[in-house]
Amino acid sequence: MRILSRGVTINAADVGDLQEALDQLPECGGAVYLPAGTYEIDRTVRCALKDRQHLHLYGDGRATIIRFTVTDGSNLLELTGVENSWWPDLKITIRDLTLVGNYDCGDAFYLRCPNDTMVDACFFEAFGGTAIRVTPNATNVTIRDCWMRDCKRALHADNLHHLTFHGNQTRSSNDGQVQDEHLYIGRHCREVRIVNNHLAYGHNEGIILDGTAQHVVANNTIEGFTVGIRAIDCRDIAIQSNYLHCPTGVLMEADTRGMTVSGNLLTTNPEGAVVIRDARGSGGHVITGNIIRRSLYDEPQRGIDLGDSVGCIVTSNTLEDISDASPIICDGDPALHEIANNCVRDTTAEARERYRGGDVAPVPEDHPYRGLYDYLSAIPPERDRIATGFWAFAREDVLGRPLPDAAKEDRAWWANDPANEQAAAWLSAGWLVTIVKCIENRVAFARMR
């Protein structure tokens with residue numbers, strides 16, 4: 001091995017101040033290390049890098065804690081690369097830091113003009129701004145394996161080419177601040193990959209794609225938002241293999257064209273799994289191979305709403321137990337779309353078709369499942385389906401005891417067979433079991449007719 005040059009590593013704790021440590025970087029750059037400990041910072045830390053002045057800023061993960069005390073909307077770290085240059089010789093790595101802000105501060109990391117930049121394994125909590133903001137003239141940025149908890153936003157990106165957001169987790173906190181969307185990908189962004197993340201329990205949208213193009217949103221779990229993915233004036237974006245558990249799964253608005261929505265699992269979407277609004281004659285979307293299913297909870301489920309779009313292909317989707325509307329609807333002429341080979345299922349109708357036992361006599365007062373009979377008989381007639389967990393049967397107003405182990409291990413226990421004493425209770429009350437998932441300890445009942 002020939003050593004051509006040796007870099008420098010500056011221990012910010014030994015220097016006594018992170019700003020002073022960054023100011024000591026030589027022309028060629030170097031590493032700034034913040035060892036395990038808890039540090040309080042009461043002003044913005046700034047670093048402006050020159051071409052070829054590479055930076056490695058790192059700590060000891062959860063053991064290196066930076067508490068930011070500013071309450072005037074200022075940012076914690078403002079890092080500027082080479083301005084007015086798309087492809088400078090600049091390499092930046094920030095990793096293994098824990099950043100704790102407050103609701104009155106700004107962003108944790110404000111990255112301007114970064115190139116070949118990686119933010120890795122950092123933990124962000126309670127910032128009043130954005131955990132990571134990237135703009136403008138940003139190129140080749142990777143954000144991976146980070147936690148963003150209780151921040152106003154997790155990521156805001158604008159005027160950026162080549163971003164990878166991978167393996168991150170975002171979520172709100174109980175009694176925390178009301179959040180905006182977790183991820184915002186703005187205009188003039190290209191070739192963004194949002195993959196393998198868990199975005200959870202925000203107060204608005206999970207992801208907003210605003211006037212942007214040429215992205216992949218894949219393999220994410222997106223749950224607990226008003227809208228999972230919202231695309232406005234976008235084009236050429238693949239939304240693939242995501243789990244979307246939000247009132248509206250995917251919302252496409254305005255002049256949005258050429259979206260591929262494929263292979264996703266969409267559930268508990270009472271406002272619609274895939275919805276197009278105010279298309280203004282745009283369209284050309286491919287919606288295929290998705291599973292859209294009502295969950296084993298009591299929320300309604302809507303399907304695909306093409307709105308006023310044109311030229312869409314809607315094929316090979318499975319739509320199960322769609323409520324309150326047709327599985328696939330559009331405002332205009334359906335002939336303007338290619339709608340074919342979709343599997344539309346109604347598990348209630350299927351259960352009614354399979355059941356041939358006829359009426360069952362009411363169970364006697366001393367029947368071991370009389371409590372279940374009384375519970376189902378008391379459900380208001382306007383409700384034709386209920387879903388519940390096995391543990392609910394232990395309530396005093398139902399059975400007052402847990403179900404036997406067989407109910408939790410063997411689906412056959414839930415068969416609509418009047419010869420079984422438990423089935424006699426729900427059948428005599430006028431209900432059928434339509435779906436049972438022992439692994440989830442949940443069951444759905446529907447009225448016989």
# chains A, B, ... in the order shown; residues from 1 in each chain; ligands from 1
>>> closest_atom_pairs(of="segment 138-216 of chain A", to="segment 248-254 of chain A", cutoff="10 Å", atoms="only C-alpha atoms", output="CSV")
residue,atom,partner,partner_atom,distance
A:Glu205,CA,A:Thr248,CA,9.4
A:Gly206,CA,A:Gly249,CA,9.7
A:Ile207,CA,A:Val250,CA,9.7
A:Ile208,CA,A:Leu251,CA,9.6
A:Leu209,CA,A:Met252,CA,9.5
A:Asp210,CA,A:Glu253,CA,9.8
A:Gly211,CA,A:Ala254,CA,9.7
>>> residues_around(residues="Val433 of chain A", least_positions_apart="4", cutoff="9 Å", atoms="only C-alpha atoms", output="MDAnalysis selection string")
chainID A and resid 348 351 414:416 423 426:427 443:447
>>> write_last_selection(atoms="C-alpha atoms", output="short mmCIF file (atom, residue, chain, number, x, y, z; two decimals), in the first residue's frame")
data_model
loop_
_atom_site.label_atom_id
_atom_site.label_comp_id
_atom_site.auth_asym_id
_atom_site.auth_seq_id
_atom_site.Cartn_x
_atom_site.Cartn_y
_atom_site.Cartn_z
CA THR A 348 -70.42 -11.51 1.79
CA ALA A 351 -70.52 -16.65 1.93
CA TRP A 414 -65.37 -20.67 12.34
CA ALA A 415 -67.20 -22.71 9.70
CA ASN A 416 -70.85 -21.76 9.12
CA ALA A 423 -71.85 -21.40 14.69
CA TRP A 426 -74.23 -16.51 15.02
CA LEU A 427 -76.35 -18.33 12.43
CA VAL A 443 -63.14 -12.19 12.16
CA ALA A 444 -65.75 -10.53 9.93
CA PHE A 445 -69.47 -11.26 10.11
CA ALA A 446 -72.14 -10.30 7.56
CA ARG A 447 -75.88 -10.67 7.65
#
>>> residues_around(residues="Gly224 of chain A", least_positions_apart="5", cutoff="10 Å", atoms="only C-alpha atoms", output="PDB file with C-alpha atoms, in the first residue's frame")
ATOM      1  CA  ARG A 171     -43.667   9.048  12.356  1.00  0.00           C
ATOM      2  CA  SER A 172     -45.541  11.382  14.657  1.00  0.00           C
ATOM      3  CA  LEU A 199     -43.765   6.355   6.786  1.00  0.00           C
ATOM      4  CA  ALA A 200     -46.260   6.285   9.626  1.00  0.00           C
ATOM      5  CA  TYR A 201     -48.947   8.257  11.409  1.00  0.00           C
ATOM      6  CA  GLY A 202     -48.701  11.803  10.207  1.00  0.00           C
ATOM      7  CA  HIS A 203     -51.435  14.418  10.170  1.00  0.00           C
ATOM      8  CA  ASN A 204     -51.491  15.279   6.459  1.00  0.00           C
ATOM      9  CA  GLU A 205     -50.034  13.587   3.366  1.00  0.00           C
ATOM     10  CA  GLY A 206     -47.349  10.953   3.510  1.00  0.00           C
ATOM     11  CA  LEU A 244     -50.938   2.056   1.525  1.00  0.00           C
ATOM     12  CA  HIS A 245     -53.210   2.233   4.554  1.00  0.00           C
ATOM     13  CA  CYS A 246     -54.670   5.762   4.406  1.00  0.00           C
ATOM     14  CA  PRO A 247     -58.134   7.246   3.743  1.00  0.00           C
ATOM     15  CA  THR A 268     -58.660   0.954   4.623  1.00  0.00           C
TER      16      THR A 268
END
>>> residues_around(residues="Glu440 of chain A", least_positions_apart="4", cutoff="9 Å", atoms="only C-alpha atoms", output="list in words")
Gly389, Phe390 and Val436 of chain A
>>> write_last_selection(atoms="N, CA and C atoms", output="mmCIF file, in the first residue's frame")
data_model
loop_
_atom_site.group_PDB
_atom_site.id
_atom_site.type_symbol
_atom_site.label_atom_id
_atom_site.label_comp_id
_atom_site.auth_asym_id
_atom_site.auth_seq_id
_atom_site.Cartn_x
_atom_site.Cartn_y
_atom_site.Cartn_z
ATOM 1 N N GLY A 389 -62.003 -8.281 16.848
ATOM 2 C CA GLY A 389 -60.922 -9.137 17.286
ATOM 3 C C GLY A 389 -61.422 -10.235 18.201
ATOM 4 N N PHE A 390 -60.712 -11.349 18.220
ATOM 5 C CA PHE A 390 -61.138 -12.472 19.057
ATOM 6 C C PHE A 390 -61.247 -12.064 20.523
ATOM 7 N N VAL A 436 -62.079 -15.004 8.213
ATOM 8 C CA VAL A 436 -61.434 -15.195 9.505
ATOM 9 C C VAL A 436 -59.933 -15.285 9.272
#
>>> residues_around(residues="Gly186 of chain A", least_positions_apart="2", cutoff="12 Å", atoms="only C-alpha atoms", output="PyMOL selection string")
chain A and resi 133-136+155-161+183-184+188-190+192+207-213+215+230-234
>>> write_last_selection(atoms="N, CA and C atoms", output="short mmCIF file (atom, residue, chain, number, x, y, z; two decimals), in the first residue's frame")
data_model
loop_
_atom_site.label_atom_id
_atom_site.label_comp_id
_atom_site.auth_asym_id
_atom_site.auth_seq_id
_atom_site.Cartn_x
_atom_site.Cartn_y
_atom_site.Cartn_z
N ARG A 133 -33.51 19.28 4.70
CA ARG A 133 -33.93 20.09 3.55
C ARG A 133 -32.77 20.14 2.56
N VAL A 134 -33.06 19.84 1.29
CA VAL A 134 -32.02 19.79 0.26
C VAL A 134 -32.43 20.70 -0.89
N THR A 135 -31.65 21.74 -1.18
CA THR A 135 -31.95 22.67 -2.26
C THR A 135 -30.83 23.69 -2.36
N PRO A 136 -30.59 24.36 -3.43
CA PRO A 136 -30.91 23.97 -4.80
C PRO A 136 -29.68 23.33 -5.44
N LEU A 155 -38.53 15.35 5.10
CA LEU A 155 -37.67 15.70 3.96
C LEU A 155 -38.37 16.72 3.09
N HIS A 156 -37.63 17.76 2.71
CA HIS A 156 -38.07 18.72 1.69
C HIS A 156 -36.96 18.80 0.65
N ALA A 157 -37.27 18.45 -0.58
CA ALA A 157 -36.27 18.47 -1.64
C ALA A 157 -36.79 19.28 -2.81
N ASP A 158 -35.95 20.16 -3.34
CA ASP A 158 -36.33 20.98 -4.48
C ASP A 158 -35.09 21.22 -5.34
N ASN A 159 -35.31 21.22 -6.67
CA ASN A 159 -34.21 21.51 -7.60
C ASN A 159 -33.06 20.53 -7.38
N LEU A 160 -33.40 19.27 -7.46
CA LEU A 160 -32.46 18.22 -7.11
C LEU A 160 -32.50 17.11 -8.16
N HIS A 161 -31.34 16.61 -8.53
CA HIS A 161 -31.24 15.46 -9.43
C HIS A 161 -30.59 14.30 -8.68
N LEU A 183 -42.86 13.75 3.38
CA LEU A 183 -41.88 13.94 2.30
C LEU A 183 -42.46 14.87 1.25
N TYR A 184 -41.69 15.88 0.86
CA TYR A 184 -42.08 16.80 -0.21
C TYR A 184 -40.99 16.78 -1.28
N HIS A 188 -38.71 20.68 -10.40
CA HIS A 188 -37.33 20.60 -10.88
C HIS A 188 -36.53 19.49 -10.21
N CYS A 189 -37.21 18.55 -9.56
CA CYS A 189 -36.53 17.34 -9.09
C CYS A 189 -36.68 16.25 -10.15
N ARG A 190 -35.63 15.49 -10.35
CA ARG A 190 -35.64 14.42 -11.32
C ARG A 190 -34.94 13.20 -10.74
N VAL A 192 -35.75 10.56 -8.66
CA VAL A 192 -35.79 10.36 -7.21
C VAL A 192 -36.29 8.94 -6.94
N ILE A 207 -46.57 11.50 1.27
CA ILE A 207 -45.63 11.98 0.25
C ILE A 207 -46.38 12.94 -0.67
N ILE A 208 -45.78 14.10 -0.93
CA ILE A 208 -46.29 15.01 -1.97
C ILE A 208 -45.25 15.07 -3.08
N LEU A 209 -45.71 14.78 -4.30
CA LEU A 209 -44.90 14.95 -5.50
C LEU A 209 -45.50 16.14 -6.25
N ASP A 210 -44.78 17.24 -6.30
CA ASP A 210 -45.34 18.51 -6.77
C ASP A 210 -44.63 18.95 -8.04
N GLY A 211 -45.29 18.74 -9.17
CA GLY A 211 -44.75 19.22 -10.44
C GLY A 211 -43.41 18.59 -10.80
N THR A 212 -43.30 17.31 -10.59
CA THR A 212 -42.01 16.65 -10.71
C THR A 212 -42.14 15.40 -11.56
N ALA A 213 -41.03 14.77 -11.92
CA ALA A 213 -41.08 13.69 -12.90
C ALA A 213 -39.93 12.71 -12.72
N HIS A 215 -39.61 9.48 -11.34
CA HIS A 215 -39.30 8.96 -10.02
C HIS A 215 -39.82 7.54 -9.86
N ARG A 230 -49.60 11.85 -2.91
CA ARG A 230 -50.35 12.86 -3.66
C ARG A 230 -49.44 13.42 -4.75
N ALA A 231 -49.87 13.29 -6.00
CA ALA A 231 -49.11 13.77 -7.15
C ALA A 231 -49.87 14.90 -7.84
N ILE A 232 -49.19 16.05 -8.02
CA ILE A 232 -49.81 17.23 -8.61
C ILE A 232 -48.96 17.65 -9.81
N ASP A 233 -49.57 17.71 -10.99
CA ASP A 233 -48.84 18.15 -12.19
C ASP A 233 -47.56 17.33 -12.40
N CYS A 234 -47.67 16.04 -12.27
CA CYS A 234 -46.49 15.17 -12.39
C CYS A 234 -46.56 14.33 -13.66
#
>>> closest_residue(among="A:Phe68, A:Glu20, A:Pro26, A:Pro402", to="Glu40 of chain A", atoms="only C-alpha atoms")
A:Phe68
>>> select_by_dssp(residues="segment 202-241 of chain A", states="strand (DSSP E or B)", output="ChimeraX atom specification")
/A:205-210,213-218,221-223,227-232,235-240
>>> write_last_selection(atoms="N, CA and C atoms", output="mmCIF file, in the first residue's frame")
data_model
loop_
_atom_site.group_PDB
_atom_site.id
_atom_site.type_symbol
_atom_site.label_atom_id
_atom_site.label_comp_id
_atom_site.auth_asym_id
_atom_site.auth_seq_id
_atom_site.Cartn_x
_atom_site.Cartn_y
_atom_site.Cartn_z
ATOM 1 N N GLU A 205 -50.442 14.571 4.359
ATOM 2 C CA GLU A 205 -50.034 13.587 3.366
ATOM 3 C C GLU A 205 -48.750 12.860 3.794
ATOM 4 N N GLY A 206 -48.609 11.642 3.313
ATOM 5 C CA GLY A 206 -47.349 10.953 3.510
ATOM 6 C C GLY A 206 -46.278 11.493 2.585
ATOM 7 N N ILE A 207 -46.567 11.500 1.269
ATOM 8 C CA ILE A 207 -45.633 11.980 0.246
ATOM 9 C C ILE A 207 -46.379 12.937 -0.668
ATOM 10 N N ILE A 208 -45.783 14.100 -0.929
ATOM 11 C CA ILE A 208 -46.286 15.008 -1.966
ATOM 12 C C ILE A 208 -45.250 15.065 -3.083
ATOM 13 N N LEU A 209 -45.706 14.780 -4.301
ATOM 14 C CA LEU A 209 -44.898 14.954 -5.505
ATOM 15 C C LEU A 209 -45.499 16.136 -6.252
ATOM 16 N N ASP A 210 -44.783 17.241 -6.297
ATOM 17 C CA ASP A 210 -45.342 18.505 -6.770
ATOM 18 C C ASP A 210 -44.631 18.955 -8.045
ATOM 19 N N ALA A 213 -41.025 14.765 -11.918
ATOM 20 C CA ALA A 213 -41.077 13.692 -12.901
ATOM 21 C C ALA A 213 -39.933 12.710 -12.722
ATOM 22 N N GLN A 214 -40.130 11.537 -13.313
ATOM 23 C CA GLN A 214 -39.091 10.515 -13.453
ATOM 24 C C GLN A 214 -38.639 9.959 -12.107
ATOM 25 N N HIS A 215 -39.609 9.482 -11.338
ATOM 26 C CA HIS A 215 -39.297 8.963 -10.016
ATOM 27 C C HIS A 215 -39.824 7.539 -9.856
ATOM 28 N N VAL A 216 -39.322 6.869 -8.832
ATOM 29 C CA VAL A 216 -39.822 5.561 -8.421
ATOM 30 C C VAL A 216 -40.162 5.631 -6.930
ATOM 31 N N VAL A 217 -41.387 5.254 -6.605
ATOM 32 C CA VAL A 217 -41.819 5.145 -5.209
ATOM 33 C C VAL A 217 -42.210 3.689 -5.005
ATOM 34 N N ALA A 218 -41.367 2.926 -4.315
ATOM 35 C CA ALA A 218 -41.548 1.479 -4.303
ATOM 36 C C ALA A 218 -41.221 0.868 -2.952
ATOM 37 N N THR A 221 -43.954 1.122 3.245
ATOM 38 C CA THR A 221 -45.157 1.041 4.063
ATOM 39 C C THR A 221 -45.567 2.473 4.406
ATOM 40 N N ILE A 222 -46.775 2.853 3.981
ATOM 41 C CA ILE A 222 -47.265 4.212 4.175
ATOM 42 C C ILE A 222 -48.623 4.105 4.850
ATOM 43 N N GLU A 223 -48.705 4.495 6.116
ATOM 44 C CA GLU A 223 -49.929 4.272 6.869
ATOM 45 C C GLU A 223 -50.206 5.436 7.808
ATOM 46 N N VAL A 227 -53.649 11.248 3.064
ATOM 47 C CA VAL A 227 -53.376 10.757 1.713
ATOM 48 C C VAL A 227 -52.010 10.087 1.757
ATOM 49 N N GLY A 228 -51.913 8.906 1.163
ATOM 50 C CA GLY A 228 -50.621 8.235 1.156
ATOM 51 C C GLY A 228 -49.625 8.912 0.235
ATOM 52 N N ILE A 229 -49.974 8.996 -1.061
ATOM 53 C CA ILE A 229 -49.119 9.628 -2.072
ATOM 54 C C ILE A 229 -49.984 10.592 -2.878
ATOM 55 N N ARG A 230 -49.600 11.850 -2.914
ATOM 56 C CA ARG A 230 -50.346 12.864 -3.660
ATOM 57 C C ARG A 230 -49.441 13.417 -4.755
ATOM 58 N N ALA A 231 -49.872 13.293 -6.004
ATOM 59 C CA ALA A 231 -49.106 13.768 -7.152
ATOM 60 C C ALA A 231 -49.867 14.898 -7.838
ATOM 61 N N ILE A 232 -49.193 16.045 -8.015
ATOM 62 C CA ILE A 232 -49.810 17.232 -8.608
ATOM 63 C C ILE A 232 -48.964 17.654 -9.807
ATOM 64 N N ARG A 235 -45.440 13.713 -13.987
ATOM 65 C CA ARG A 235 -45.410 12.794 -15.126
ATOM 66 C C ARG A 235 -44.357 11.712 -14.893
ATOM 67 N N ASP A 236 -44.591 10.572 -15.527
ATOM 68 C CA ASP A 236 -43.596 9.505 -15.632
ATOM 69 C C ASP A 236 -43.062 9.081 -14.261
ATOM 70 N N ILE A 237 -43.964 8.610 -13.414
ATOM 71 C CA ILE A 237 -43.593 8.164 -12.072
ATOM 72 C C ILE A 237 -44.154 6.763 -11.852
ATOM 73 N N ALA A 238 -43.320 5.882 -11.329
ATOM 74 C CA ALA A 238 -43.733 4.520 -11.011
ATOM 75 C C ALA A 238 -44.019 4.416 -9.519
ATOM 76 N N ILE A 239 -45.239 4.034 -9.186
ATOM 77 C CA ILE A 239 -45.654 3.791 -7.806
ATOM 78 C C ILE A 239 -45.918 2.290 -7.722
ATOM 79 N N GLN A 240 -45.035 1.583 -7.059
ATOM 80 C CA GLN A 240 -45.040 0.129 -7.198
ATOM 81 C C GLN A 240 -44.769 -0.572 -5.874
#
